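One structure below.
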Amino acid sequence: MAFLSVRLAAQSASSTGLRMLALTSLDQQVGSVARFSALATPHQNPYALRNQILSGVGPVSNQHINMTIPSRGITIQEISRNLQMFNKERRNVEKDPNTFQMKVGFDKPTVLMFAWLNAKQKHLAKYAKLYTDQGFEVIVANLTPWQLLWPMKGSQLVAAEIVKLLKNNEFKNGLIFHGFSVGGYLWGECLVRIARDLPNHQIILDRVKGQVWDSAADITEIPEGVPRALFPKNPTLQGALRKYMLYHMKAFHEPATSHYIRSSQMFHTNLLKCPALFLVSKTDPVGTELANGRVRDSWESSGVKCTFHCWDRSPHVGHFQKHTAEYVELLFAHLRPLEIGGFGQNQKEAQLRAKL
């Protein structure tokens with residue numbers, strides 16, 4: 001199958017026509033796939049795929065709804081387009097729109113989850129339930145593909161919301177981070193913002209008691225991770241989008257790639273000094289063992305206590321599904337010494353293990 005040579009396209013593009021050329025490039029790739037692949041649905045407009053990727057609509061749109069949704073014993077409420085509360089029961093999620101200070105504060109221990117790209121609520125709810133069963137409230141932060149592609153108008157605005165939420169609410173009983181895949185990039189964007197005015201934001205870093213990183217993906221894995229997230233069962237469309245992502249990162253260095261690099265640098269240095277747990281796999285092509293090992297080495301050199309667990313075979317952000325009992329044991333062993341929520345109460349842990 002012949003695709004447009006994105007390298008030649010990038011070299012010949014003018015500075016004023018880069019975005020239009022990007023659309024044309026992706027149009028030709030997606031159009032080529034739709035014409036020659038029997039996997040394309042007969043009545044689907046192939047260019048809807050391009051629009052889905054660049055506009056952030058499509059499969060991810062069901063995450064942005066203003067209502068309470070029960071999911072496996074979890075109630076989901078929207079704080080903003082990119083922030084949701086996952087709880088056992090409904091709570092007041094009114095906030096000041098400028099400061100993100102909640103009308104009703106966080107009296108319970110809280111987990112901030114940085115979701116993987118295109119994550120479904122029913123899958124996130126399984127992770128949230130691990131924490132809500134231990135007396136936690138859970139906040140989930142997510143990105144759309146468009147927000148990832150255009151950081152200045154996308155992911156950095158989400159990072160600004162997260163920083164305001166963390167700064168202007170007390171989290172009296174502790175705060176935990178649990179990040180997946182591209183969530184590492186989003187936290188890196190938060191760190192860029194925090195570092196600009198560290199004295200004013202140090203309180204955020206002091207509030208975080210522990211961190212967990214499951215399949216964290218670095219900048220070098222973006223061209224591999226985004227296609228797998230959007231088209232998990234379609235290798236043909238993965239290939240087309242992978243070519244576009246490589247082109248995008250080369251052609252849009254200043255508005256996109258330079259920000260990925262800065263976020264990666266901040267994630268590697270990490271201003272957080274609380275204990276960290278890394279959960280990775282030797283067979284994960286996105287959140288690789290090598291890339292996560294470099295992060296661990298960097299953090300340990302700055303005094304962060306790190307626990308690193310690598311499975312021989314396990315899919316990207318699929319470690320919990322593949323190794324449920326071991327995943328829970330590793331998580332609890334990491335969080336138990338922090339004495340937050342129910343992780344220090346053997347009775348609750350025993351009840352959860354019995355369910356598993």
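As shown in the structure tokens, the chain order sets the letters A, B, ...; within each chain, residues go from 1, and ligands are also counted from 1 in the order they appear.
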Report task. Enumerate, as an NGL selection string, the complete set of residues in region 141-309 of chain A that a backbone-based DSSP assignment places in strand (DSSP E). Result -> :A and (141 or 175-180 or 208-214 or 276-281 or 306-309)
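We find CA of Ala115 (chain A) and CA of Ala276 (chain A) to be spaced 17.2 Å apart.
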Report task. Grab the CA of Ser80 (chain A) to CA of Leu165 (chain A) distance for me, in Å with one decimal place. Result -> 10.8 Å
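By chain and then residue number, the residues within 7 Å of region 160-163 of chain A are Gln156, Lys167 and Cys190 of chain A, counting only C-alpha atoms and disregarding those fewer than 4 positions away in sequence.
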Report task. Excluding His178 (chain A) and residues on its chain fewer than 3 positions from it, collect all residues at most 9 Å away from it, counting only C-alpha atoms, and give them as a VMD selection string. Result -> chain A and resid 111 to 115 183 210 to 214
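Closest approach to Arg228 (chain A) among A:Leu124, A:Leu83, A:Leu117, A:Ile74 is made by A:Leu117 (distances from only C-alpha atoms).
Each of A:Val226, A:Cys274, A:Leu198, A:Gln238 was checked against Leu338 (chain A) using only C-alpha atoms; the smallest atom-to-atom distance is that of A:Cys274.
Considering only C-alpha atoms, the residue among A:Lys164, A:His309, A:Arg242, A:Lys273 positioned nearest to Lys209 (chain A) is A:Lys273.
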Report summary line: Residue with the minimum atom-to-atom distance to Leu241 (chain A), picked from A:Pro145, A:Pro315, A:Gly303, A:Gly174 with only C-alpha atoms counted, is A:Pro145
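The interatomic distance for the pair CA of Pro235 (chain A) and CA of Lys120 (chain A) works out to 20.4 Å.
Using only C-alpha atoms, the nearest neighbour of Lys108 (chain A) within the list A:Tyr127, A:Phe171, A:Phe267, A:Tyr247 is A:Phe171.
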Query raised in the report: Skipping near chain neighbours, those fewer than 4 positions away, what residues fall within 9 Å of Met249 (chain A) using only C-alpha atoms, listed as JSON, numbers by chain?
Result: {"A": [149, 223, 244, 245, 253, 256, 257, 258]}
Any chance you can output those residues with all heavy atoms as a PDB file, in the first residue's frame?
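Below is the file that was written, result.pdb:
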ATOM      1  N   LEU A 149      -2.055  16.436  20.493  1.00  0.00           N
ATOM      2  CA  LEU A 149      -1.371  16.896  19.291  1.00  0.00           C
ATOM      3  C   LEU A 149      -1.024  18.378  19.341  1.00  0.00           C
ATOM      4  O   LEU A 149       0.001  18.802  18.799  1.00  0.00           O
ATOM      5  CB  LEU A 149      -2.246  16.626  18.057  1.00  0.00           C
ATOM      6  CG  LEU A 149      -2.348  15.174  17.588  1.00  0.00           C
ATOM      7  CD1 LEU A 149      -3.316  15.070  16.427  1.00  0.00           C
ATOM      8  CD2 LEU A 149      -0.987  14.631  17.189  1.00  0.00           C
ATOM      9  N   PRO A 223       4.565   8.217  18.711  1.00  0.00           N
ATOM     10  CA  PRO A 223       4.094   7.693  17.421  1.00  0.00           C
ATOM     11  C   PRO A 223       3.614   6.250  17.499  1.00  0.00           C
ATOM     12  O   PRO A 223       2.841   5.810  16.640  1.00  0.00           O
ATOM     13  CB  PRO A 223       5.345   7.801  16.524  1.00  0.00           C
ATOM     14  CG  PRO A 223       6.191   8.835  17.173  1.00  0.00           C
ATOM     15  CD  PRO A 223       5.971   8.661  18.648  1.00  0.00           C
ATOM     16  N   TYR A 244       1.658   9.509  10.146  1.00  0.00           N
ATOM     17  CA  TYR A 244       1.277  10.901  10.354  1.00  0.00           C
ATOM     18  C   TYR A 244       1.897  11.454  11.635  1.00  0.00           C
ATOM     19  O   TYR A 244       2.352  12.599  11.666  1.00  0.00           O
ATOM     20  CB  TYR A 244      -0.243  11.082  10.421  1.00  0.00           C
ATOM     21  CG  TYR A 244      -0.581  12.503  10.816  1.00  0.00           C
ATOM     22  CD1 TYR A 244      -0.435  13.529   9.894  1.00  0.00           C
ATOM     23  CD2 TYR A 244      -0.951  12.812  12.121  1.00  0.00           C
ATOM     24  CE1 TYR A 244      -0.668  14.848  10.259  1.00  0.00           C
ATOM     25  CE2 TYR A 244      -1.182  14.124  12.494  1.00  0.00           C
ATOM     26  CZ  TYR A 244      -1.042  15.142  11.560  1.00  0.00           C
ATOM     27  OH  TYR A 244      -1.257  16.442  11.931  1.00  0.00           O
ATOM     28  N   MET A 245       1.930  10.663  12.694  1.00  0.00           N
ATOM     29  CA  MET A 245       2.487  11.138  13.958  1.00  0.00           C
ATOM     30  C   MET A 245       3.967  11.491  13.804  1.00  0.00           C
ATOM     31  O   MET A 245       4.447  12.484  14.348  1.00  0.00           O
ATOM     32  CB  MET A 245       2.303  10.090  15.055  1.00  0.00           C
ATOM     33  CG  MET A 245       0.852   9.876  15.506  1.00  0.00           C
ATOM     34  SD  MET A 245       0.055  11.397  16.075  1.00  0.00           S
ATOM     35  CE  MET A 245       1.156  11.871  17.404  1.00  0.00           C
ATOM     36  N   HIS A 253       7.485  21.159  15.164  1.00  0.00           N
ATOM     37  CA  HIS A 253       8.403  21.065  16.293  1.00  0.00           C
ATOM     38  C   HIS A 253       8.109  22.124  17.345  1.00  0.00           C
ATOM     39  O   HIS A 253       8.019  21.809  18.538  1.00  0.00           O
ATOM     40  CB  HIS A 253       9.855  21.209  15.812  1.00  0.00           C
ATOM     41  CG  HIS A 253      10.851  21.109  16.920  1.00  0.00           C
ATOM     42  ND1 HIS A 253      11.318  19.895  17.396  1.00  0.00           N
ATOM     43  CD2 HIS A 253      11.459  22.072  17.680  1.00  0.00           C
ATOM     44  CE1 HIS A 253      12.165  20.119  18.391  1.00  0.00           C
ATOM     45  NE2 HIS A 253      12.270  21.431  18.581  1.00  0.00           N
ATOM     46  N   ALA A 256       4.445  21.791  18.985  1.00  0.00           N
ATOM     47  CA  ALA A 256       4.112  20.485  19.565  1.00  0.00           C
ATOM     48  C   ALA A 256       5.325  19.795  20.189  1.00  0.00           C
ATOM     49  O   ALA A 256       5.424  19.663  21.402  1.00  0.00           O
ATOM     50  CB  ALA A 256       3.475  19.584  18.493  1.00  0.00           C
ATOM     51  N   THR A 257       6.273  19.359  19.362  1.00  0.00           N
ATOM     52  CA  THR A 257       7.349  18.489  19.838  1.00  0.00           C
ATOM     53  C   THR A 257       8.215  19.142  20.902  1.00  0.00           C
ATOM     54  O   THR A 257       8.654  18.477  21.853  1.00  0.00           O
ATOM     55  CB  THR A 257       8.219  18.045  18.648  1.00  0.00           C
ATOM     56  OG1 THR A 257       7.380  17.485  17.636  1.00  0.00           O
ATOM     57  CG2 THR A 257       9.230  17.004  19.078  1.00  0.00           C
ATOM     58  N   SER A 258       8.489  20.438  20.779  1.00  0.00           N
ATOM     59  CA  SER A 258       9.310  21.108  21.791  1.00  0.00           C
ATOM     60  C   SER A 258       8.665  21.033  23.169  1.00  0.00           C
ATOM     61  O   SER A 258       9.361  20.942  24.184  1.00  0.00           O
ATOM     62  CB  SER A 258       9.538  22.572  21.401  1.00  0.00           C
ATOM     63  OG  SER A 258       8.314  23.293  21.374  1.00  0.00           O
TER      64      SER A 258
END
Excluding Pro275 (chain A) and any residue of its chain fewer than 4 positions from it, enumerate the residues within 12 Å of it, using only C-alpha atoms, and give them as an mmCIF file with all heavy atoms, in the first residue's frame.
data_model
loop_
_atom_site.group_PDB
_atom_site.id
_atom_site.type_symbol
_atom_site.label_atom_id
_atom_site.label_comp_id
_atom_site.auth_asym_id
_atom_site.auth_seq_id
_atom_site.Cartn_x
_atom_site.Cartn_y
_atom_site.Cartn_z
ATOM 1 N N ILE A 176 -2.620 10.911 46.513
ATOM 2 C CA ILE A 176 -1.831 9.900 45.800
ATOM 3 C C ILE A 176 -1.983 10.137 44.306
ATOM 4 O O ILE A 176 -3.064 10.483 43.823
ATOM 5 C CB ILE A 176 -2.319 8.473 46.143
ATOM 6 C CG1 ILE A 176 -2.168 8.174 47.629
ATOM 7 C CG2 ILE A 176 -1.572 7.428 45.306
ATOM 8 C CD1 ILE A 176 -0.744 8.072 48.094
ATOM 9 N N PHE A 177 -0.910 9.936 43.543
ATOM 10 C CA PHE A 177 -0.974 9.952 42.080
ATOM 11 C C PHE A 177 -0.928 8.514 41.562
ATOM 12 O O PHE A 177 -0.143 7.696 42.044
ATOM 13 C CB PHE A 177 0.210 10.718 41.482
ATOM 14 C CG PHE A 177 0.110 12.213 41.592
ATOM 15 C CD1 PHE A 177 1.179 13.009 41.172
ATOM 16 C CD2 PHE A 177 -1.014 12.836 42.092
ATOM 17 C CE1 PHE A 177 1.110 14.394 41.266
ATOM 18 C CE2 PHE A 177 -1.098 14.216 42.190
ATOM 19 C CZ PHE A 177 -0.029 14.996 41.771
ATOM 20 N N VAL A 208 1.421 15.563 48.052
ATOM 21 C CA VAL A 208 1.436 14.234 47.430
ATOM 22 C C VAL A 208 2.280 13.291 48.278
ATOM 23 O O VAL A 208 3.465 13.528 48.497
ATOM 24 C CB VAL A 208 1.981 14.305 45.988
ATOM 25 C CG1 VAL A 208 1.882 12.929 45.324
ATOM 26 C CG2 VAL A 208 1.216 15.343 45.171
ATOM 27 N N LYS A 209 1.674 12.192 48.726
ATOM 28 C CA LYS A 209 2.344 11.252 49.637
ATOM 29 C C LYS A 209 2.927 10.034 48.925
ATOM 30 O O LYS A 209 3.803 9.351 49.464
ATOM 31 C CB LYS A 209 1.359 10.792 50.711
ATOM 32 C CG LYS A 209 0.699 11.933 51.484
ATOM 33 C CD LYS A 209 1.723 12.840 52.127
ATOM 34 C CE LYS A 209 1.052 13.985 52.895
ATOM 35 N NZ LYS A 209 2.040 14.957 53.421
ATOM 36 N N GLY A 210 2.441 9.738 47.729
ATOM 37 C CA GLY A 210 2.940 8.575 47.002
ATOM 38 C C GLY A 210 2.525 8.647 45.546
ATOM 39 O O GLY A 210 1.567 9.345 45.193
ATOM 40 N N GLN A 211 3.261 7.925 44.674
ATOM 41 C CA GLN A 211 2.964 7.951 43.242
ATOM 42 C C GLN A 211 3.139 6.561 42.634
ATOM 43 O O GLN A 211 4.032 5.802 43.020
ATOM 44 C CB GLN A 211 3.853 8.969 42.529
ATOM 45 C CG GLN A 211 5.333 8.847 42.834
ATOM 46 C CD GLN A 211 6.153 9.974 42.251
ATOM 47 O OE1 GLN A 211 5.869 10.488 41.157
ATOM 48 N NE2 GLN A 211 7.212 10.392 42.958
ATOM 49 N N VAL A 212 2.254 6.247 41.686
ATOM 50 C CA VAL A 212 2.271 4.966 40.978
ATOM 51 C C VAL A 212 2.234 5.268 39.488
ATOM 52 O O VAL A 212 1.382 6.043 39.022
ATOM 53 C CB VAL A 212 1.056 4.097 41.362
ATOM 54 C CG1 VAL A 212 1.096 2.765 40.614
ATOM 55 C CG2 VAL A 212 0.990 3.880 42.864
ATOM 56 N N TRP A 213 3.157 4.638 38.734
ATOM 57 C CA TRP A 213 3.199 4.871 37.286
ATOM 58 C C TRP A 213 3.117 3.530 36.557
ATOM 59 O O TRP A 213 4.020 2.710 36.637
ATOM 60 C CB TRP A 213 4.449 5.650 36.898
ATOM 61 C CG TRP A 213 4.427 7.024 37.484
ATOM 62 C CD1 TRP A 213 5.093 7.479 38.579
ATOM 63 C CD2 TRP A 213 3.609 8.116 37.031
ATOM 64 N NE1 TRP A 213 4.756 8.789 38.837
ATOM 65 C CE2 TRP A 213 3.848 9.201 37.905
ATOM 66 C CE3 TRP A 213 2.701 8.286 35.982
ATOM 67 C CZ2 TRP A 213 3.209 10.441 37.750
ATOM 68 C CZ3 TRP A 213 2.077 9.513 35.831
ATOM 69 C CH2 TRP A 213 2.333 10.573 36.700
ATOM 70 N N ASN A 270 11.586 15.346 37.883
ATOM 71 C CA ASN A 270 10.490 15.198 38.845
ATOM 72 C C ASN A 270 10.745 15.894 40.184
ATOM 73 O O ASN A 270 11.576 15.470 40.981
ATOM 74 C CB ASN A 270 10.171 13.722 39.103
ATOM 75 C CG ASN A 270 8.757 13.556 39.665
ATOM 76 O OD1 ASN A 270 7.995 14.520 39.773
ATOM 77 N ND2 ASN A 270 8.415 12.337 40.012
ATOM 78 N N ARG A 296 13.401 5.786 36.497
ATOM 79 C CA ARG A 296 13.706 5.286 37.841
ATOM 80 C C ARG A 296 15.115 5.658 38.272
ATOM 81 O O ARG A 296 15.327 6.143 39.396
ATOM 82 C CB ARG A 296 13.544 3.760 37.881
ATOM 83 C CG ARG A 296 13.988 3.122 39.193
ATOM 84 C CD ARG A 296 14.301 1.648 39.005
ATOM 85 N NE ARG A 296 15.332 1.476 37.978
ATOM 86 C CZ ARG A 296 15.623 0.298 37.426
ATOM 87 N NH1 ARG A 296 14.963 -0.782 37.784
ATOM 88 N NH2 ARG A 296 16.573 0.214 36.514
ATOM 89 N N TRP A 299 15.292 9.332 39.143
ATOM 90 C CA TRP A 299 14.622 9.660 40.404
ATOM 91 C C TRP A 299 15.421 9.151 41.599
ATOM 92 O O TRP A 299 15.537 9.844 42.607
ATOM 93 C CB TRP A 299 13.219 9.069 40.424
ATOM 94 C CG TRP A 299 12.270 9.746 39.465
ATOM 95 C CD1 TRP A 299 12.581 10.688 38.528
ATOM 96 C CD2 TRP A 299 10.863 9.531 39.369
ATOM 97 N NE1 TRP A 299 11.457 11.065 37.840
ATOM 98 C CE2 TRP A 299 10.387 10.381 38.331
ATOM 99 C CE3 TRP A 299 9.964 8.706 40.032
ATOM 100 C CZ2 TRP A 299 9.042 10.418 37.961
ATOM 101 C CZ3 TRP A 299 8.635 8.744 39.668
ATOM 102 C CH2 TRP A 299 8.174 9.595 38.652
ATOM 103 N N GLU A 300 15.959 7.944 41.484
ATOM 104 C CA GLU A 300 16.731 7.401 42.600
ATOM 105 C C GLU A 300 17.981 8.242 42.857
ATOM 106 O O GLU A 300 18.390 8.405 44.011
ATOM 107 C CB GLU A 300 17.114 5.949 42.311
ATOM 108 C CG GLU A 300 15.953 4.976 42.462
ATOM 109 C CD GLU A 300 16.355 3.533 42.228
ATOM 110 O OE1 GLU A 300 17.370 3.301 41.531
ATOM 111 O OE2 GLU A 300 15.647 2.627 42.720
ATOM 112 N N SER A 302 18.150 11.309 42.709
ATOM 113 C CA SER A 302 17.754 12.524 43.429
ATOM 114 C C SER A 302 17.109 12.207 44.779
ATOM 115 O O SER A 302 16.539 13.081 45.415
ATOM 116 C CB SER A 302 16.782 13.342 42.580
ATOM 117 O OG SER A 302 15.569 12.629 42.357
ATOM 118 N N GLY A 303 17.185 10.932 45.185
ATOM 119 C CA GLY A 303 16.733 10.567 46.523
ATOM 120 C C GLY A 303 15.333 10.020 46.632
ATOM 121 O O GLY A 303 14.831 9.817 47.747
ATOM 122 N N VAL A 304 14.670 9.747 45.510
ATOM 123 C CA VAL A 304 13.314 9.194 45.548
ATOM 124 C C VAL A 304 13.392 7.679 45.743
ATOM 125 O O VAL A 304 14.125 6.986 45.032
ATOM 126 C CB VAL A 304 12.544 9.511 44.249
ATOM 127 C CG1 VAL A 304 11.161 8.871 44.277
ATOM 128 C CG2 VAL A 304 12.425 11.017 44.064
ATOM 129 N N LYS A 305 12.635 7.163 46.704
ATOM 130 C CA LYS A 305 12.571 5.721 46.913
ATOM 131 C C LYS A 305 11.687 5.109 45.841
ATOM 132 O O LYS A 305 10.501 5.431 45.729
ATOM 133 C CB LYS A 305 12.003 5.413 48.299
ATOM 134 C CG LYS A 305 11.893 3.922 48.590
ATOM 135 C CD LYS A 305 11.284 3.662 49.956
ATOM 136 C CE LYS A 305 11.133 2.163 50.206
ATOM 137 N NZ LYS A 305 10.480 1.897 51.518
ATOM 138 N N CYS A 306 12.254 4.218 45.021
ATOM 139 C CA CYS A 306 11.523 3.646 43.884
ATOM 140 C C CYS A 306 11.402 2.134 44.006
ATOM 141 O O CYS A 306 12.356 1.451 44.397
ATOM 142 C CB CYS A 306 12.219 3.994 42.567
ATOM 143 S SG CYS A 306 12.248 5.750 42.168
ATOM 144 N N THR A 307 10.234 1.616 43.652
ATOM 145 C CA THR A 307 10.006 0.177 43.508
ATOM 146 C C THR A 307 9.681 -0.079 42.045
ATOM 147 O O THR A 307 8.804 0.578 41.476
ATOM 148 C CB THR A 307 8.839 -0.298 44.392
ATOM 149 O OG1 THR A 307 9.111 0.047 45.752
ATOM 150 C CG2 THR A 307 8.647 -1.795 44.259
ATOM 151 N N PHE A 308 10.392 -1.014 41.435
ATOM 152 C CA PHE A 308 10.271 -1.251 39.994
ATOM 153 C C PHE A 308 9.901 -2.710 39.767
ATOM 154 O O PHE A 308 10.654 -3.612 40.127
ATOM 155 C CB PHE A 308 11.602 -0.930 39.313
ATOM 156 C CG PHE A 308 11.532 -0.815 37.816
ATOM 157 C CD1 PHE A 308 11.273 0.405 37.214
ATOM 158 C CD2 PHE A 308 11.747 -1.920 37.008
ATOM 159 C CE1 PHE A 308 11.242 0.529 35.829
ATOM 160 C CE2 PHE A 308 11.711 -1.814 35.634
ATOM 161 C CZ PHE A 308 11.456 -0.580 35.030
ATOM 162 N N LEU A 331 0.555 -2.914 44.657
ATOM 163 C CA LEU A 331 -0.007 -1.601 44.945
ATOM 164 C C LEU A 331 -0.176 -1.392 46.440
ATOM 165 O O LEU A 331 0.233 -0.365 46.997
ATOM 166 C CB LEU A 331 -1.353 -1.448 44.227
ATOM 167 C CG LEU A 331 -2.091 -0.128 44.433
ATOM 168 C CD1 LEU A 331 -1.300 1.036 43.849
ATOM 169 C CD2 LEU A 331 -3.484 -0.194 43.810
ATOM 170 N N ALA A 333 1.290 -3.024 48.896
ATOM 171 C CA ALA A 333 2.586 -3.020 49.582
ATOM 172 C C ALA A 333 3.270 -1.660 49.458
ATOM 173 O O ALA A 333 3.980 -1.229 50.372
ATOM 174 C CB ALA A 333 3.476 -4.116 49.003
ATOM 175 N N HIS A 334 3.044 -0.994 48.337
ATOM 176 C CA HIS A 334 3.620 0.328 48.128
ATOM 177 C C HIS A 334 2.917 1.392 48.969
ATOM 178 O O HIS A 334 3.569 2.285 49.542
ATOM 179 C CB HIS A 334 3.528 0.698 46.645
ATOM 180 C CG HIS A 334 4.020 2.070 46.319
ATOM 181 N ND1 HIS A 334 5.333 2.461 46.482
ATOM 182 C CD2 HIS A 334 3.363 3.167 45.853
ATOM 183 C CE1 HIS A 334 5.469 3.729 46.113
ATOM 184 N NE2 HIS A 334 4.288 4.182 45.735
ATOM 185 N N LEU A 335 1.591 1.306 49.064
ATOM 186 C CA LEU A 335 0.815 2.356 49.721
ATOM 187 C C LEU A 335 0.620 2.126 51.214
ATOM 188 O O LEU A 335 0.370 3.082 51.955
ATOM 189 C CB LEU A 335 -0.557 2.482 49.043
ATOM 190 C CG LEU A 335 -0.528 2.890 47.567
ATOM 191 C CD1 LEU A 335 -1.935 2.898 46.987
ATOM 192 C CD2 LEU A 335 0.120 4.258 47.395
ATOM 193 N N ARG A 336 0.748 0.888 51.660
ATOM 194 C CA ARG A 336 0.491 0.573 53.081
ATOM 195 C C ARG A 336 1.361 1.385 54.039
ATOM 196 O O ARG A 336 0.850 1.918 55.033
ATOM 197 C CB ARG A 336 0.677 -0.927 53.315
ATOM 198 C CG ARG A 336 0.106 -1.422 54.638
ATOM 199 C CD ARG A 336 0.296 -2.930 54.772
ATOM 200 N NE ARG A 336 -0.429 -3.642 53.748
ATOM 201 C CZ ARG A 336 0.148 -4.443 52.843
ATOM 202 N NH1 ARG A 336 1.462 -4.588 52.834
ATOM 203 N NH2 ARG A 336 -0.583 -5.079 51.960
ATOM 204 N N PRO A 337 2.659 1.523 53.789
ATOM 205 C CA PRO A 337 3.493 2.306 54.733
ATOM 206 C C PRO A 337 3.102 3.778 54.824
ATOM 207 O O PRO A 337 3.469 4.447 55.792
ATOM 208 C CB PRO A 337 4.910 2.156 54.155
ATOM 209 C CG PRO A 337 4.857 0.926 53.317
ATOM 210 C CD PRO A 337 3.482 0.887 52.747
ATOM 211 N N LEU A 338 2.374 4.274 53.824
ATOM 212 C CA LEU A 338 1.969 5.678 53.837
ATOM 213 C C LEU A 338 0.833 5.937 54.815
ATOM 214 O O LEU A 338 0.567 7.091 55.175
ATOM 215 C CB LEU A 338 1.547 6.120 52.424
ATOM 216 C CG LEU A 338 2.569 5.883 51.315
ATOM 217 C CD1 LEU A 338 2.008 6.329 49.971
ATOM 218 C CD2 LEU A 338 3.874 6.613 51.612
#
